[in-house]
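Visitor: Structure in structure tokens, see below.
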Amino acid sequence: MSLEPGPLAGRTAIVTGAGQGVGRGIALALAARGARVVLAARRAETGEPAAQEIRDRGGDAVCVVTDVTRRDDVEQCVRATVERYGGLEIMVHNAFRGGRPHRLEELDEALWTMNSRTAVWGSYYAAQLAYPHLRAAGTQGRLILVTSPSGVEGSVSIPIYSPVKAAQRAIAKSLSREWGPLGITVNCLAPVAETPALTNAFVENPDLKGRLEARTSLRRVGDAEHDIGVVAAFLASDDAGYVTGQTIVCDGGSFMGL
Amino acid sequence: MSALSGRVAVVTGADQALGHGLALAIGTSGARVALVGDATTLTPVADTIRDRGGHAAAFDAVLTERADLERAFAAAADTFGDPVTALVHTAMNRAAFEQLDFADVDDARWELIWEGTMRAALALLQASYTPLHGRDGRIVFVAPTVSMSGAERLVPYTTALEGQRLLAKSAARQWGPDGITVNTVAVAPEQVPIGVASAATSLAPPALGGPGQPEADVGPVVTFLLGAAGRFVTGSTLSIDGGVWMAP
């Protein structure tokens with residue numbers, strides 16, 4: 001942890017799904033640049049250790065157990081954040097569940113609901129409930145939605161994942177237009193990183209790792225904090241104040257379709 | 001022989017201007033057309049197609065209900081004597097067209113527009129799979145370019161359309177081996193009553209002068225995708241908007 005005031009010093013961020021994987025990496029990177037971070041995690045068992053790790057590095061962080069599929073939970077998380085830190089400048093919605101391989105013609109209600117509720121309803125709640133505070137933050141207001149290259153190119157193995165990730169890109173584009181006059185920026189991050197979810201995918205699909213690395217220019221899978229989180233931190237900073245409505249693909253040079 | 005003779009095509013949304021024009025285009029290109037949705041409002045459209053020498057009938061179904069759609073598809077096959085082999089989906093809940101500040105969107109509206117649109121698209125795909133697979137099946141979703149360009153005060157609508165557009169791509173990838181193509185035709189925003197002009201999405205005017213007409217300008221492209229020449233096109237988004245949205 002740097003002792004210099006970071007580019008995000010004095011700002012407060014909420015990161016959903018921050019207990020592990022990309023969300024944890026983003027939380028660590030934001031905190032390392034001076035932000036106070038609320039880790040909104042569904043399970044305290046993962047969220048608390050991640051928050052403790054930030055505190056151990058000298059940062060300011062707290063875990064608030066939050067189920068992003070419930071409006072009341074997200075509302076409570078935002079309220080707790082503002083009560084504790086006095087404001088909210090940066091909302092990052094990353095939480096997602098439901099990346100199980102399936103056939104579209106056999107897609108069941110439960111899997112659809114999990115995808116829809118975490119990715120899309122979660123984005124809607126995060127954006128809407130953060131909005132009064134982002135508006136108050138003016139040109140420091142940031143909404144960042146974590147999407148996926150699959151949200152642009154489609155997916156053969158987890159087909160329903162693509163539409164919910166694409167939906168987040170549309171939210172970012174339309175909200176960037178709607179909130180732009182207030183100075184708030186809205187962007188998406190489309191990462192590929194070493195996460196428990198990807199590790200599981202490698203176990204289920206043994207040749208996936210080789211195929212993924214072969215397609216990746218940099219020949220490695222990204223690190224959640226040092227490859228992905230740092231890009232989220234850039235989007236959250238003043239330096240990215242003129243970037244809005246965009247999807248930053250952060251996958252080591254794999255998908256190049258934008 | 002007409003371009004689409006031999007095909008039975010399901011068309012949704014023919015009670016709205018965009019779907020109406022496309023149903024006429026398809027129905028006068030040799031396909032037998034099953035207009036699926038609220039049969040009461042669709043029957044006059046079927047009458048128009050028959051008046052022009054085509055074959056068409058209206059079938060009742062709630063678009064978000066897979067079992068309902070499967071019954072309608074089966075009824076269409078009975079009526080026309082051949083299974084459904086194409087789907088052209090244009091229907092959209094009219095509530096989605098209303099502009100509203102995002103801060104004022106409530107859960108009921110999000111449910112109606114996001115969930116409703118996606119559940120209809122999914123149910124239509126699922127109901128199509130059995131009759132279409134192995135039969136050179138063709139699926140076309142039709143929606144304006146605003147999901148790609150973004151539009152203020154239309155967050156639920158653009159969110160739902162972009163979900164639907166990527167659902168088409170995933171279906172294209174997964175169902176290609178089943179002989180089914182899935183594409184999106186992206187039309188000018190003027191084709192739907194959302195109060196958005198093409199000029200809002202580009203600094204340049206439409207290269208071809210305007211948004212075009214559903215039947216005369218968009219219809220031939222949908223007919224192409226349903227016809228023999230379209231068989232190797234899948235997972236694509238074709239912008240048929242008069243030359244405004246030129247990405248990528």
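Just so we're on the same page: first chain in the structure tokens is A, next is B, and so on; residues restart at 1 for each chain, and ligands are numbered from 1 in the order they show up.
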Give me the residues within 8 Å of range 79-92 of chain B as a PDB file with C-alpha atoms, in the first residue's frame, counting only C-alpha atoms and dropping any in the same chain fewer than 3 places off.

Guide:
```
ATOM      1  CA  ARG B   7     -41.759 -22.424 -46.234  1.00  0.00           C
ATOM      2  CA  VAL B   8     -44.194 -21.931 -43.402  1.00  0.00           C
ATOM      3  CA  ALA B   9     -43.047 -18.837 -41.512  1.00  0.00           C
ATOM      4  CA  VAL B  10     -44.214 -17.646 -38.111  1.00  0.00           C
ATOM      5  CA  VAL B  11     -44.287 -13.852 -37.852  1.00  0.00           C
ATOM      6  CA  THR B  12     -44.828 -12.021 -34.557  1.00  0.00           C
ATOM      7  CA  GLY B  13     -45.783  -8.382 -34.094  1.00  0.00           C
ATOM      8  CA  ALA B  14     -47.740  -8.095 -37.355  1.00  0.00           C
ATOM      9  CA  GLN B  16     -47.481  -3.197 -35.308  1.00  0.00           C
ATOM     10  CA  LEU B  18     -42.826  -2.921 -38.608  1.00  0.00           C
ATOM     11  CA  GLY B  19     -44.128  -6.480 -38.295  1.00  0.00           C
ATOM     12  CA  ARG B  32     -47.286 -19.391 -45.996  1.00  0.00           C
ATOM     13  CA  PHE B  73     -46.894 -23.744 -34.187  1.00  0.00           C
ATOM     14  CA  ALA B  74     -48.639 -27.130 -34.341  1.00  0.00           C
ATOM     15  CA  ALA B  75     -51.904 -25.479 -35.392  1.00  0.00           C
ATOM     16  CA  ALA B  76     -50.059 -23.607 -38.145  1.00  0.00           C
ATOM     17  CA  ALA B  96     -41.317  -0.475 -23.914  1.00  0.00           C
ATOM     18  CA  THR B 117     -38.904  -9.346 -23.918  1.00  0.00           C
ATOM     19  CA  ALA B 121     -37.569 -14.361 -27.328  1.00  0.00           C
ATOM     20  CA  SER B 128     -39.087 -23.145 -32.892  1.00  0.00           C
ATOM     21  CA  PRO B 131     -39.933 -28.014 -35.927  1.00  0.00           C
ATOM     22  CA  LEU B 132     -36.922 -26.138 -37.338  1.00  0.00           C
ATOM     23  CA  ARG B 135     -35.187 -28.607 -41.751  1.00  0.00           C
ATOM     24  CA  ASP B 136     -32.981 -25.729 -42.912  1.00  0.00           C
ATOM     25  CA  GLY B 137     -34.581 -23.578 -40.234  1.00  0.00           C
ATOM     26  CA  ARG B 138     -34.303 -19.806 -40.308  1.00  0.00           C
ATOM     27  CA  ILE B 139     -34.815 -17.389 -37.442  1.00  0.00           C
ATOM     28  CA  VAL B 140     -34.705 -13.603 -37.766  1.00  0.00           C
ATOM     29  CA  PHE B 141     -35.092 -11.096 -34.936  1.00  0.00           C
ATOM     30  CA  VAL B 142     -35.932  -7.566 -36.045  1.00  0.00           C
ATOM     31  CA  ALA B 143     -35.225  -4.550 -33.828  1.00  0.00           C
ATOM     32  CA  LEU B 226     -35.330 -16.886 -45.193  1.00  0.00           C
TER      33      LEU B 226
END
```

Visitor: Pull out every residue of chain B sitting within 8 Å of chain A, counting only C-alpha atoms, and send them as a ChimeraX atom specification.

Guide: /B:101-103,125-126,129,147-156,158-167,169-171,173-174,248

Visitor: Output N, CA and C atoms for every residue in the selection just made, as an mmCIF file, in the first residue's frame.

Guide:
```
data_model
loop_
_atom_site.group_PDB
_atom_site.id
_atom_site.type_symbol
_atom_site.label_atom_id
_atom_site.label_comp_id
_atom_site.auth_asym_id
_atom_site.auth_seq_id
_atom_site.Cartn_x
_atom_site.Cartn_y
_atom_site.Cartn_z
ATOM 1 N N ASP B 101 -37.332 8.649 -17.486
ATOM 2 C CA ASP B 101 -36.055 8.747 -16.774
ATOM 3 C C ASP B 101 -35.763 7.423 -16.077
ATOM 4 N N PHE B 102 -34.502 6.999 -16.136
ATOM 5 C CA PHE B 102 -34.137 5.728 -15.510
ATOM 6 C C PHE B 102 -34.478 5.729 -14.021
ATOM 7 N N ALA B 103 -34.320 6.892 -13.378
ATOM 8 C CA ALA B 103 -34.604 6.983 -11.940
ATOM 9 C C ALA B 103 -36.063 6.662 -11.630
ATOM 10 N N LEU B 125 -37.798 -19.046 -29.421
ATOM 11 C CA LEU B 125 -36.683 -19.890 -29.877
ATOM 12 C C LEU B 125 -36.950 -21.351 -29.515
ATOM 13 N N GLN B 126 -37.356 -21.561 -28.272
ATOM 14 C CA GLN B 126 -37.545 -22.934 -27.804
ATOM 15 C C GLN B 126 -38.674 -23.625 -28.554
ATOM 16 N N TYR B 129 -37.424 -24.654 -31.996
ATOM 17 C CA TYR B 129 -36.322 -25.604 -32.144
ATOM 18 C C TYR B 129 -36.778 -26.944 -32.718
ATOM 19 N N SER B 147 -30.363 -0.263 -29.665
ATOM 20 C CA SER B 147 -29.720 -1.069 -28.622
ATOM 21 C C SER B 147 -28.204 -1.004 -28.768
ATOM 22 N N MET B 148 -27.733 -0.764 -29.985
ATOM 23 C CA MET B 148 -26.290 -0.662 -30.219
ATOM 24 C C MET B 148 -25.785 0.759 -30.007
ATOM 25 N N SER B 149 -26.621 1.736 -30.304
ATOM 26 C CA SER B 149 -26.181 3.132 -30.176
ATOM 27 C C SER B 149 -26.427 3.681 -28.777
ATOM 28 N N GLY B 150 -27.372 3.055 -28.038
ATOM 29 C CA GLY B 150 -27.784 3.599 -26.749
ATOM 30 C C GLY B 150 -28.771 4.728 -26.953
ATOM 31 N N ALA B 151 -29.666 4.902 -25.995
ATOM 32 C CA ALA B 151 -30.646 5.983 -26.095
ATOM 33 C C ALA B 151 -31.080 6.390 -24.699
ATOM 34 N N GLU B 152 -31.007 7.698 -24.443
ATOM 35 C CA GLU B 152 -31.410 8.172 -23.123
ATOM 36 C C GLU B 152 -32.911 7.960 -22.930
ATOM 37 N N ARG B 153 -33.310 7.747 -21.694
ATOM 38 C CA ARG B 153 -34.707 7.578 -21.278
ATOM 39 C C ARG B 153 -35.362 6.345 -21.922
ATOM 40 N N LEU B 154 -34.531 5.453 -22.441
ATOM 41 C CA LEU B 154 -35.040 4.197 -23.000
ATOM 42 C C LEU B 154 -34.197 3.027 -22.499
ATOM 43 N N VAL B 155 -33.790 3.090 -21.233
ATOM 44 C CA VAL B 155 -32.888 2.050 -20.722
ATOM 45 C C VAL B 155 -33.537 0.658 -20.745
ATOM 46 N N PRO B 156 -34.767 0.495 -20.243
ATOM 47 C CA PRO B 156 -35.327 -0.870 -20.264
ATOM 48 C C PRO B 156 -35.445 -1.436 -21.683
ATOM 49 N N THR B 158 -33.730 -0.586 -24.539
ATOM 50 C CA THR B 158 -32.457 -0.893 -25.186
ATOM 51 C C THR B 158 -31.779 -2.084 -24.508
ATOM 52 N N THR B 159 -31.956 -2.207 -23.208
ATOM 53 C CA THR B 159 -31.389 -3.343 -22.482
ATOM 54 C C THR B 159 -31.999 -4.651 -22.988
ATOM 55 N N ALA B 160 -33.314 -4.647 -23.129
ATOM 56 C CA ALA B 160 -34.004 -5.855 -23.582
ATOM 57 C C ALA B 160 -33.617 -6.210 -25.014
ATOM 58 N N LEU B 161 -33.519 -5.209 -25.865
ATOM 59 C CA LEU B 161 -33.192 -5.488 -27.270
ATOM 60 C C LEU B 161 -31.779 -6.021 -27.432
ATOM 61 N N GLU B 162 -30.853 -5.498 -26.636
ATOM 62 C CA GLU B 162 -29.479 -5.977 -26.766
ATOM 63 C C GLU B 162 -29.368 -7.403 -26.213
ATOM 64 N N GLY B 163 -30.116 -7.701 -25.159
ATOM 65 C CA GLY B 163 -30.179 -9.083 -24.685
ATOM 66 C C GLY B 163 -30.709 -9.996 -25.772
ATOM 67 N N GLN B 164 -31.762 -9.549 -26.424
ATOM 68 C CA GLN B 164 -32.357 -10.349 -27.494
ATOM 69 C C GLN B 164 -31.383 -10.537 -28.663
ATOM 70 N N ARG B 165 -30.619 -9.488 -28.988
ATOM 71 C CA ARG B 165 -29.682 -9.574 -30.113
ATOM 72 C C ARG B 165 -28.579 -10.597 -29.836
ATOM 73 N N LEU B 166 -28.095 -10.632 -28.589
ATOM 74 C CA LEU B 166 -27.051 -11.605 -28.249
ATOM 75 C C LEU B 166 -27.621 -12.998 -28.052
ATOM 76 N N LEU B 167 -28.889 -13.084 -27.675
ATOM 77 C CA LEU B 167 -29.527 -14.397 -27.621
ATOM 78 C C LEU B 167 -29.520 -15.012 -29.017
ATOM 79 N N LYS B 169 -27.283 -14.484 -31.316
ATOM 80 C CA LYS B 169 -25.916 -14.941 -31.639
ATOM 81 C C LYS B 169 -25.603 -16.270 -30.963
ATOM 82 N N SER B 170 -25.954 -16.381 -29.683
ATOM 83 C CA SER B 170 -25.692 -17.643 -28.977
ATOM 84 C C SER B 170 -26.460 -18.788 -29.625
ATOM 85 N N ALA B 171 -27.727 -18.535 -29.969
ATOM 86 C CA ALA B 171 -28.526 -19.580 -30.622
ATOM 87 C C ALA B 171 -27.899 -19.957 -31.956
ATOM 88 N N ARG B 173 -24.751 -19.920 -32.712
ATOM 89 C CA ARG B 173 -23.586 -20.775 -32.448
ATOM 90 C C ARG B 173 -24.005 -22.183 -32.041
ATOM 91 N N GLN B 174 -25.021 -22.267 -31.183
ATOM 92 C CA GLN B 174 -25.365 -23.589 -30.650
ATOM 93 C C GLN B 174 -26.192 -24.412 -31.635
ATOM 94 N N PRO B 248 -19.917 -2.566 -37.169
ATOM 95 C CA PRO B 248 -18.481 -2.302 -37.088
ATOM 96 C C PRO B 248 -17.976 -1.882 -38.465
#
```

Visitor: Excluding Ala126 in chain A and residues on its chain fewer than 5 positions from it, collect all residues at most 10 Å away from it, counting only C-alpha atoms, and give them as a PyMOL selection string.

Guide: chain A and resi 14-16+68-69+71+74-75+77-78+91-93+120-121+131+143-145

Visitor: Could those residues be written to a file, using N, CA and C atoms, as an mmCIF file, in the first residue's frame?

Guide:
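The resulting file, out_11.cif, is reproduced below:
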```
data_model
loop_
_atom_site.group_PDB
_atom_site.id
_atom_site.type_symbol
_atom_site.label_atom_id
_atom_site.label_comp_id
_atom_site.auth_asym_id
_atom_site.auth_seq_id
_atom_site.Cartn_x
_atom_site.Cartn_y
_atom_site.Cartn_z
ATOM 1 N N ILE A 14 -18.415 1.130 -3.986
ATOM 2 C CA ILE A 14 -19.034 -0.165 -3.680
ATOM 3 C C ILE A 14 -18.646 -1.114 -4.801
ATOM 4 N N VAL A 15 -18.211 -2.312 -4.438
ATOM 5 C CA VAL A 15 -17.933 -3.347 -5.435
ATOM 6 C C VAL A 15 -18.780 -4.562 -5.084
ATOM 7 N N THR A 16 -19.677 -4.950 -5.988
ATOM 8 C CA THR A 16 -20.503 -6.129 -5.713
ATOM 9 C C THR A 16 -19.767 -7.390 -6.162
ATOM 10 N N VAL A 68 -27.402 -9.078 -4.474
ATOM 11 C CA VAL A 68 -27.710 -8.044 -5.474
ATOM 12 C C VAL A 68 -29.019 -8.300 -6.211
ATOM 13 N N THR A 69 -29.605 -9.470 -6.014
ATOM 14 C CA THR A 69 -30.877 -9.752 -6.677
ATOM 15 C C THR A 69 -32.052 -9.198 -5.876
ATOM 16 N N ARG A 71 -33.644 -5.794 -4.163
ATOM 17 C CA ARG A 71 -33.607 -4.334 -4.067
ATOM 18 C C ARG A 71 -33.321 -3.874 -2.644
ATOM 19 N N VAL A 74 -29.603 -4.127 -1.763
ATOM 20 C CA VAL A 74 -28.745 -3.135 -2.415
ATOM 21 C C VAL A 74 -28.994 -1.761 -1.793
ATOM 22 N N GLU A 75 -30.255 -1.476 -1.509
ATOM 23 C CA GLU A 75 -30.609 -0.209 -0.880
ATOM 24 C C GLU A 75 -29.922 -0.070 0.483
ATOM 25 N N CYS A 77 -27.227 -1.621 1.448
ATOM 26 C CA CYS A 77 -25.778 -1.523 1.247
ATOM 27 C C CYS A 77 -25.386 -0.087 0.921
ATOM 28 N N VAL A 78 -26.160 0.554 0.042
ATOM 29 C CA VAL A 78 -25.868 1.947 -0.323
ATOM 30 C C VAL A 78 -26.045 2.853 0.900
ATOM 31 N N MET A 91 -19.701 3.137 -8.196
ATOM 32 C CA MET A 91 -20.462 1.896 -8.036
ATOM 33 C C MET A 91 -19.961 0.904 -9.091
ATOM 34 N N VAL A 92 -19.491 -0.247 -8.629
ATOM 35 C CA VAL A 92 -19.028 -1.291 -9.541
ATOM 36 C C VAL A 92 -19.922 -2.520 -9.348
ATOM 37 N N HIS A 93 -20.654 -2.885 -10.389
ATOM 38 C CA HIS A 93 -21.464 -4.104 -10.290
ATOM 39 C C HIS A 93 -20.780 -5.238 -11.037
ATOM 40 N N VAL A 120 -28.508 -8.645 -14.644
ATOM 41 C CA VAL A 120 -29.299 -7.540 -15.206
ATOM 42 C C VAL A 120 -30.112 -6.812 -14.134
ATOM 43 N N TRP A 121 -30.873 -7.567 -13.366
ATOM 44 C CA TRP A 121 -31.578 -6.912 -12.252
ATOM 45 C C TRP A 121 -30.564 -6.304 -11.284
ATOM 46 N N TYR A 131 -27.666 6.100 -7.929
ATOM 47 C CA TYR A 131 -27.838 7.322 -8.726
ATOM 48 C C TYR A 131 -27.871 8.633 -7.925
ATOM 49 N N LEU A 143 -20.205 4.758 -12.761
ATOM 50 C CA LEU A 143 -20.849 3.441 -12.719
ATOM 51 C C LEU A 143 -20.064 2.531 -13.653
ATOM 52 N N ILE A 144 -19.625 1.399 -13.124
ATOM 53 C CA ILE A 144 -18.854 0.434 -13.917
ATOM 54 C C ILE A 144 -19.551 -0.919 -13.813
ATOM 55 N N LEU A 145 -19.893 -1.481 -14.959
ATOM 56 C CA LEU A 145 -20.554 -2.783 -14.990
ATOM 57 C C LEU A 145 -19.582 -3.802 -15.566
#
```

Visitor: Residues of range 46-228 of chain B classed as strand (DSSP E) by DSSP on the backbone are to be reported as a PyMOL selection string.

Guide: chain B and resi 55-60+86-89+137-144+180-187

Visitor: Generate a file of the selected residues that holds N, CA and C atoms, formatted as a compact mmCIF listing (two decimals), in the first residue's frame.

Guide:
```txt
# COMPACT_ATOMS: atom_id res chain seq x y z
N HIS B 55 -50.83 -16.82 -48.75
CA HIS B 55 -51.46 -17.72 -47.79
C HIS B 55 -51.09 -17.26 -46.39
N ALA B 56 -52.11 -17.03 -45.56
CA ALA B 56 -51.83 -16.55 -44.20
C ALA B 56 -53.00 -16.87 -43.29
N ALA B 57 -52.68 -17.06 -42.02
CA ALA B 57 -53.71 -17.25 -41.01
C ALA B 57 -53.17 -16.74 -39.68
N ALA B 58 -54.09 -16.39 -38.79
CA ALA B 58 -53.70 -15.86 -37.48
C ALA B 58 -53.90 -16.93 -36.40
N PHE B 59 -52.99 -16.96 -35.44
CA PHE B 59 -53.04 -17.97 -34.36
C PHE B 59 -52.82 -17.28 -33.02
N ASP B 60 -53.66 -17.65 -32.07
CA ASP B 60 -53.57 -17.06 -30.73
C ASP B 60 -52.43 -17.69 -29.93
N ALA B 86 -39.57 -21.40 -40.30
CA ALA B 86 -38.96 -20.07 -40.14
C ALA B 86 -39.72 -19.26 -39.10
N LEU B 87 -38.97 -18.40 -38.42
CA LEU B 87 -39.54 -17.49 -37.43
C LEU B 87 -39.00 -16.09 -37.68
N VAL B 88 -39.91 -15.13 -37.78
CA VAL B 88 -39.51 -13.73 -37.87
C VAL B 88 -40.16 -13.01 -36.69
N HIS B 89 -39.33 -12.59 -35.74
CA HIS B 89 -39.84 -12.04 -34.48
C HIS B 89 -39.65 -10.53 -34.46
N GLY B 137 -33.79 -24.57 -40.96
CA GLY B 137 -34.58 -23.58 -40.23
C GLY B 137 -33.95 -22.19 -40.25
N ARG B 138 -34.79 -21.19 -40.28
CA ARG B 138 -34.30 -19.81 -40.31
C ARG B 138 -35.03 -19.00 -39.23
N ILE B 139 -34.24 -18.26 -38.47
CA ILE B 139 -34.81 -17.39 -37.44
C ILE B 139 -34.25 -15.98 -37.63
N VAL B 140 -35.13 -15.00 -37.63
CA VAL B 140 -34.70 -13.60 -37.77
C VAL B 140 -35.38 -12.78 -36.67
N PHE B 141 -34.57 -12.08 -35.88
CA PHE B 141 -35.09 -11.10 -34.94
C PHE B 141 -34.96 -9.73 -35.60
N VAL B 142 -35.96 -8.89 -35.43
CA VAL B 142 -35.93 -7.57 -36.05
C VAL B 142 -36.10 -6.52 -34.95
N ALA B 143 -35.17 -5.58 -34.88
CA ALA B 143 -35.23 -4.55 -33.83
C ALA B 143 -34.39 -3.35 -34.26
N PRO B 144 -34.71 -2.17 -33.75
CA PRO B 144 -33.96 -0.99 -34.18
C PRO B 144 -32.53 -0.94 -33.64
N ILE B 180 -29.94 -24.70 -38.29
CA ILE B 180 -30.77 -23.52 -38.04
C ILE B 180 -29.87 -22.28 -38.07
N THR B 181 -30.26 -21.27 -38.84
CA THR B 181 -29.55 -20.00 -38.80
C THR B 181 -30.36 -19.01 -37.96
N VAL B 182 -29.64 -18.11 -37.30
CA VAL B 182 -30.29 -17.10 -36.46
C VAL B 182 -29.58 -15.77 -36.69
N ASN B 183 -30.32 -14.77 -37.08
CA ASN B 183 -29.75 -13.46 -37.38
C ASN B 183 -30.63 -12.35 -36.82
N THR B 184 -30.03 -11.16 -36.73
CA THR B 184 -30.79 -9.97 -36.35
C THR B 184 -30.76 -8.98 -37.50
N VAL B 185 -31.92 -8.44 -37.83
CA VAL B 185 -32.00 -7.33 -38.77
C VAL B 185 -32.26 -6.07 -37.95
N ALA B 186 -31.31 -5.14 -38.01
CA ALA B 186 -31.41 -3.90 -37.22
C ALA B 186 -31.93 -2.79 -38.13
N VAL B 187 -33.05 -2.22 -37.73
CA VAL B 187 -33.72 -1.22 -38.56
C VAL B 187 -33.55 0.17 -37.95
```

Visitor: Quick one, how far is CA of Ser202 in chain B from CA of Met246 in chain B?

Guide: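 CA of Met246 in chain B lies 9.3 Å from CA of Ser202 in chain B.
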
Visitor: When you count only C-alpha atoms, which of these residues is closest to Leu124 in chain B: B:Arg109, B:Arg71, B:Arg66, B:Arg94?

Guide: B:Arg66
